[in-house]
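**Q** Here you go, one structure.
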Number of protein chains: 2
Amino acid sequence: MVQGRAGLPGAPDGSLGFRPLYRQVRDLLVKRIAEGVWQAGQILPSEPEIAQDLGVSAGTVRKALDEMTAENLVVRRQGRGTFVATHDDARILFQFFKLIPDSGVREFPESRVLGITIVTDREATDALGLKARSRVVLIDRVRSLAGQPCVAERICLPAAMFPGIEGRELPNNLYELYAVEFGVTIGRATERLKAVAAGTREAGLLEVQEGSPLLRIDRTAYALDGRRAEWRVWHCRTDGMHYLSELR
Amino acid sequence: MVQGRAGLPGAPDGSLGFRPLYRQVRDLLVKRIAEGVWQAGQILPSEPEIAQDLGVSAGTVRKALDEMTAENLVVRRQGRGTFVATHDDARILFQFFKLIPDSGVREFPESRVLGITIVTDREATDALGLKARSRVVLIDRVRSLAGQPCVAERICLPAAMFPGIEGRELPNNLYELYAVEFGVTIGRATERLKAVAAGTREAGLLEVQEGSPLLRIDRTAYALDGRRAEWRVWHCRTDGMHYLSELR
DNA sequence: CAGTGGTCTAGACCACATG
DNA sequence: ATGTGGTCTAGACCACTGT
């Protein structure tokens with residue numbers, strides 16, 4: 001079925017390494033989602049169906065889907081089925097938005113777009129792993145919670161991956177737009193945090209004094225196929241809010 | 001065996017809720033580790049042994065151990081056995097130490113103790129969920145990477161949980177000390193991050209100007225039984241290093 | 001009721017470590 | 001050779017959701 005196997009469990013890769021069947025199944029299912037065979041919010045075939053299609057046991061499919069559930073790629077609902085995860089506001093809020101009011105009540109921040117431009121920028125192409133003269137879309141926004149500006153945001157995208165995005169109306173929740181309109185599904189991201197002094201620009205946007213301490217968050221987001229799809233830099237006020245990180 | 005069951009899988013809790021067998025097994029095994037029946041680094045009985053002891057199938061024990069592996073409570077080594085996780089430097093470095101040099105090479109920071117005192121402090125007792133007049137151990141340290149002071153650290157512990165710790169020589173890696181000497185195993189923690197201006201004290205310790213931006217990290221750490229066991233506050237320089245957070 | 005995911009079991013075999 | 005965890009399978013039954 002998936003890879004060299006003949007009644008034997010597990011498949012040897014030539015001589016070194018070893019690729020469990022359930023992982024091969026996982027990779028194949030992820031590939032199908034990445035390719036849009038099953039789109040965000042749609043239901044997958046049932047476990048027995050997938051198992052029969054691929055010629056493996058139901059238990060193996062289950063283990064593959066267990067992993068995908070843990071990765072937030074898929075959502076399972078008992079009695080109903082297994083669905084491709086969407087980037088709805090609730091998911092964004094919990095998975096990709098770690099800035100929380102000190103009160104603890106999570107809230108989705110409003111966005112005001114300051115400008116969209118297409119440029120060639122060495123820092124951005126480096127961060128995105130593109131060739132030095134590739135074109136990059138720059139989006140500047142200010143985000144507010146309860147009317148209070150709290151984040152100055154700059155987003156950099158590979159222009160080739162998001163053709164025509166510069167002419168669009170931008171929603172608050174960009175990851176849903178990436179998935180639905182451009183077929184780019186963000187699966188994971190890494191963030192690097194530093195404390196910096198506010199420059200003139202950020203100070204003005206966030207209504208703080210120049211030199212005030214700000215939290216700088218530098219995020220690289222990866223598409224399902226592993227390509228870097230977005231680089232964004234935030235400058236955040238952290239009076240009255242904080243960044244939450246769980247260690248386990 | 002574990003809870004009301006009579007040849008039936010899964011056990012109803014009276015009428016509401018449902019507690020899978022493998023979770024009951026997990027909880028029981030965690031309890032035994034928390035009680036010191038099996039100590040850090042020691043080997044657990046093999047899967048078939050545990051299964052027979054508890055009167056469940058090997059598959060159920062396996063699923064319980066899978067969860068515990070995901071929670072970093074246990075380490076499995078093929079061909080050798082399953083071991084209680086230790087708080088060795090490598091684990092601390094990856095699970096509990098998110099401050100990374102910009103170069104990317106993780107390193108364990110040195111520590112210099114500035115003082116240990118026992119006090120009653122309202123802020124600390126609140127953070128630890130203790131009665132307002134409980135005694136708390138305060139430990140102040142400065143931590144350095146490559147000779148450069150980078151973190152001013154204050155650690156608050158419930159005195160009742162760590163009797164006599166104030167008279168001890170403190171190692172760099174405290175979580176191992178907590179586990180080995182006081183039977184308190186840290187299982188998880190949450191961190192809250194803010195950007196703040198350096199006060200006089202931190203500025204002096206970290207060799208920066210007063211008012212410089214610092215990363216303030218506020219960590220609450222939980223023991224295996226769920227009790228809050230430690231509260232620590234860091235003030236960090238983030239020139240040349242950053243806090244790494246993985247979103248997935 | 002039928003169909004889905006969730007749990008539990010039993011057994012076979014593979015991969016790895018140790019003696 | 002033995003014992004450990006790791007993978008894969010097959011089948012039974014439970015719990016939930018919809019018709």
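If you're wondering about the labels, chains in the structure tokens are A, B, ... by order shown, residues count from 1 in each chain, ligands from 1 in order shown.
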Residues near C:DG11, anyone? I mean within 12 Å using only C-alpha atoms (C1' of nucleotides), not counting same-chain ones fewer than 3 positions away, as a PyMOL selection string.

**A** (chain B and resi 57-59) or (chain D and resi 8-11)

**Q** Would you kindly return, as a VMD selection string, each protein, DNA or RNA residue with an atom no farther than 9 Å from any atom of C:DT4, considering only C-alpha atoms (C1' of nucleotides) and excluding same-chain residues fewer than 2 positions away?

**A** (chain A and resid 46 to 47 77 to 82) or (chain D and resid 16 to 17)

**Q** For the residues selected in the previous step, produce a file with N, CA and C atoms (P, O5', C5', C4', C3', O3' and C1' of nucleotides) as a CSV table (one decimal), in the first residue's frame.

**A**
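Heads up, here's the output in selection_7.csv:
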```
chain,number,residue,atom,x,y,z
A,46,SER,N,-14.7,8.0,7.0
A,46,SER,CA,-14.6,7.4,8.3
A,46,SER,C,-13.4,6.5,8.4
A,47,GLU,N,-13.1,6.2,9.6
A,47,GLU,CA,-11.8,5.4,9.9
A,47,GLU,C,-11.8,4.1,9.1
A,77,ARG,N,-15.1,14.5,16.3
A,77,ARG,CA,-16.3,14.6,17.1
A,77,ARG,C,-17.0,13.3,17.2
A,78,GLN,N,-17.1,12.8,18.4
A,78,GLN,CA,-17.7,11.4,18.5
A,78,GLN,C,-19.1,11.4,18.0
A,79,GLY,N,-19.4,10.4,17.3
A,79,GLY,CA,-20.8,10.3,16.7
A,79,GLY,C,-21.0,11.0,15.4
A,80,ARG,N,-20.0,11.9,15.0
A,80,ARG,CA,-20.2,12.7,13.8
A,80,ARG,C,-19.2,12.4,12.8
A,81,GLY,N,-17.9,12.5,13.2
A,81,GLY,CA,-16.8,12.2,12.2
A,81,GLY,C,-15.6,13.0,12.5
A,82,THR,N,-14.6,12.9,11.6
A,82,THR,CA,-13.4,13.7,11.7
A,82,THR,C,-13.3,14.8,10.7
D,16,DC,P,-21.7,9.8,26.3
D,16,DC,O5',-21.9,10.4,24.8
D,16,DC,C5',-20.8,11.0,24.1
D,16,DC,C4',-21.2,11.1,22.7
D,16,DC,C3',-22.5,12.0,22.4
D,16,DC,O3',-22.0,13.1,21.7
D,16,DC,C1',-22.5,10.0,21.1
D,17,DT,P,-23.0,14.3,21.5
D,17,DT,O5',-23.6,14.0,20.0
D,17,DT,C5',-22.7,13.9,18.9
D,17,DT,C4',-23.4,13.6,17.6
D,17,DT,C3',-24.7,14.4,17.4
D,17,DT,O3',-24.6,15.2,16.2
D,17,DT,C1',-25.1,12.1,17.0
```

**Q** Neighbours of stretch 202-210 of chain B within 9 Å (only C-alpha atoms (C1' of nucleotides); same-chain residues fewer than 6 positions away dropped), as a list in words?

**A**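 Within the cut-off, the hits are Val142, Gln148, Pro149, Cys150, Val151, Ala152, His235, Cys236 and Arg237 of chain B.
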
**Q** Any chance you could export the current selection's N, CA and C atoms as a short mmCIF file (atom, residue, chain, number, x, y, z; two decimals), in the first residue's frame?

**A**
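Result file out35.cif:
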```
data_model
loop_
_atom_site.label_atom_id
_atom_site.label_comp_id
_atom_site.auth_asym_id
_atom_site.auth_seq_id
_atom_site.Cartn_x
_atom_site.Cartn_y
_atom_site.Cartn_z
N VAL B 142 21.77 35.65 40.83
CA VAL B 142 22.06 36.25 39.53
C VAL B 142 22.60 35.14 38.65
N GLN B 148 28.60 36.73 31.39
CA GLN B 148 27.77 37.93 31.29
C GLN B 148 26.50 37.77 32.14
N PRO B 149 26.29 38.62 33.15
CA PRO B 149 25.07 38.52 33.93
C PRO B 149 23.86 38.75 33.01
N CYS B 150 22.88 37.87 33.05
CA CYS B 150 21.75 38.04 32.14
C CYS B 150 20.40 37.93 32.83
N VAL B 151 20.34 37.31 34.02
CA VAL B 151 19.05 37.15 34.68
C VAL B 151 19.18 37.47 36.17
N ALA B 152 18.32 38.36 36.66
CA ALA B 152 18.16 38.55 38.10
C ALA B 152 16.94 37.75 38.51
N HIS B 235 14.14 38.87 35.88
CA HIS B 235 14.34 40.04 35.02
C HIS B 235 15.54 39.73 34.13
N CYS B 236 15.30 39.77 32.82
CA CYS B 236 16.30 39.28 31.88
C CYS B 236 16.74 40.36 30.91
N ARG B 237 18.03 40.42 30.68
CA ARG B 237 18.53 41.15 29.51
C ARG B 237 18.18 40.33 28.28
#
```

**Q** Atom CA of B:Ala40 to atom CA of B:Ala85: how many Å, to one decimal?

**A**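 Distance reported for this atom pair: 5.8 Å.
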
**Q** So that I can check the surroundings of stretch 4-7 of chain D, please list as a VMD selection string every protein, DNA and RNA residue that reaches within 12 Å of it, counting only C-alpha atoms (C1' of nucleotides) and ignoring chain neighbours fewer than 5 positions away.

**A** (chain A and resid 8 to 11 18 to 23 57 59 to 60 63) or (chain B and resid 43 to 49 58 to 59 62 65 to 66 75 to 83) or (chain C and resid 12 to 18)

**Q** Between atom CA of A:His87 and atom CA of A:Ala229, what distance in Å does the model show, to one decimal?

**A** 15.1 Å

**Q** Should the cut-off be 10 Å, what would the residue list for chain B against chain A look like, counting only C-alpha atoms, as an MDAnalysis selection string?

**A** chainID B and resid 70:73 94:100 102 186:198 211:221 236:248

**Q** I'd like the interatomic distance between atom CA of A:Thr185 and atom CA of A:Leu28, to a tenth of an Å.

**A**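 According to the coordinates, atom CA of A:Thr185 and atom CA of A:Leu28 are separated by 15.9 Å.
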
**Q** Per DSSP on the backbone, what are the alpha helix (DSSP H) residues of stretch 41-222 of chain A, as a ChimeraX atom specification?

**A** /A:47-54,58-70,89-91,122-128,174-182,200-206

**Q** Selection from above, C-alpha atoms, as a PDB file, in the first residue's frame, can you write it?

**A**
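Contents of the output file out12.pdb:
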```
ATOM      1  CA  GLU A  47     -11.833   5.401   9.856  1.00  0.00           C
ATOM      2  CA  PRO A  48     -12.893   2.057   8.358  1.00  0.00           C
ATOM      3  CA  GLU A  49     -13.187   3.666   4.907  1.00  0.00           C
ATOM      4  CA  ILE A  50      -9.689   5.153   5.067  1.00  0.00           C
ATOM      5  CA  ALA A  51      -8.359   1.856   6.379  1.00  0.00           C
ATOM      6  CA  GLN A  52      -9.867  -0.081   3.501  1.00  0.00           C
ATOM      7  CA  ASP A  53      -8.735   2.498   0.925  1.00  0.00           C
ATOM      8  CA  LEU A  54      -5.148   2.252   2.124  1.00  0.00           C
ATOM      9  CA  ALA A  58      -8.424   0.545  11.430  1.00  0.00           C
ATOM     10  CA  GLY A  59      -6.103   0.746  14.445  1.00  0.00           C
ATOM     11  CA  THR A  60      -3.299   2.092  12.287  1.00  0.00           C
ATOM     12  CA  VAL A  61      -5.526   4.787  10.794  1.00  0.00           C
ATOM     13  CA  ARG A  62      -6.679   5.663  14.292  1.00  0.00           C
ATOM     14  CA  LYS A  63      -3.123   6.164  15.481  1.00  0.00           C
ATOM     15  CA  ALA A  64      -2.386   8.400  12.496  1.00  0.00           C
ATOM     16  CA  LEU A  65      -5.480  10.505  13.234  1.00  0.00           C
ATOM     17  CA  ASP A  66      -4.535  10.637  16.921  1.00  0.00           C
ATOM     18  CA  GLU A  67      -1.272  12.303  15.961  1.00  0.00           C
ATOM     19  CA  MET A  68      -3.012  14.727  13.631  1.00  0.00           C
ATOM     20  CA  THR A  69      -5.440  15.612  16.393  1.00  0.00           C
ATOM     21  CA  ALA A  70      -2.541  16.363  18.733  1.00  0.00           C
ATOM     22  CA  ASP A  89     -11.272  32.752  15.703  1.00  0.00           C
ATOM     23  CA  ALA A  90     -11.403  30.355  18.648  1.00  0.00           C
ATOM     24  CA  ARG A  91      -8.476  28.305  17.372  1.00  0.00           C
ATOM     25  CA  ARG A 122      16.760  41.658   2.513  1.00  0.00           C
ATOM     26  CA  GLU A 123      15.709  41.116   6.126  1.00  0.00           C
ATOM     27  CA  ALA A 124      12.316  39.743   5.077  1.00  0.00           C
ATOM     28  CA  THR A 125      13.605  37.448   2.354  1.00  0.00           C
ATOM     29  CA  ASP A 126      16.181  36.089   4.789  1.00  0.00           C
ATOM     30  CA  ALA A 127      13.526  35.438   7.406  1.00  0.00           C
ATOM     31  CA  LEU A 128      11.318  33.706   4.839  1.00  0.00           C
ATOM     32  CA  LEU A 174      -5.545  36.434   8.245  1.00  0.00           C
ATOM     33  CA  TYR A 175      -4.845  32.700   8.618  1.00  0.00           C
ATOM     34  CA  GLU A 176      -8.358  31.871   7.532  1.00  0.00           C
ATOM     35  CA  LEU A 177      -7.849  34.074   4.454  1.00  0.00           C
ATOM     36  CA  TYR A 178      -4.571  32.345   3.634  1.00  0.00           C
ATOM     37  CA  ALA A 179      -6.261  28.954   3.764  1.00  0.00           C
ATOM     38  CA  VAL A 180      -9.521  29.734   1.981  1.00  0.00           C
ATOM     39  CA  GLU A 181      -8.277  32.106  -0.716  1.00  0.00           C
ATOM     40  CA  PHE A 182      -4.690  31.006  -1.313  1.00  0.00           C
ATOM     41  CA  THR A 200       9.605  56.970  17.474  1.00  0.00           C
ATOM     42  CA  ARG A 201       7.250  55.092  15.192  1.00  0.00           C
ATOM     43  CA  GLU A 202       6.022  52.503  17.697  1.00  0.00           C
ATOM     44  CA  ALA A 203       5.748  55.086  20.434  1.00  0.00           C
ATOM     45  CA  GLY A 204       3.409  57.119  18.269  1.00  0.00           C
ATOM     46  CA  LEU A 205       1.279  54.171  17.212  1.00  0.00           C
ATOM     47  CA  LEU A 206       0.944  52.741  20.696  1.00  0.00           C
TER      48      LEU A 206
END
```
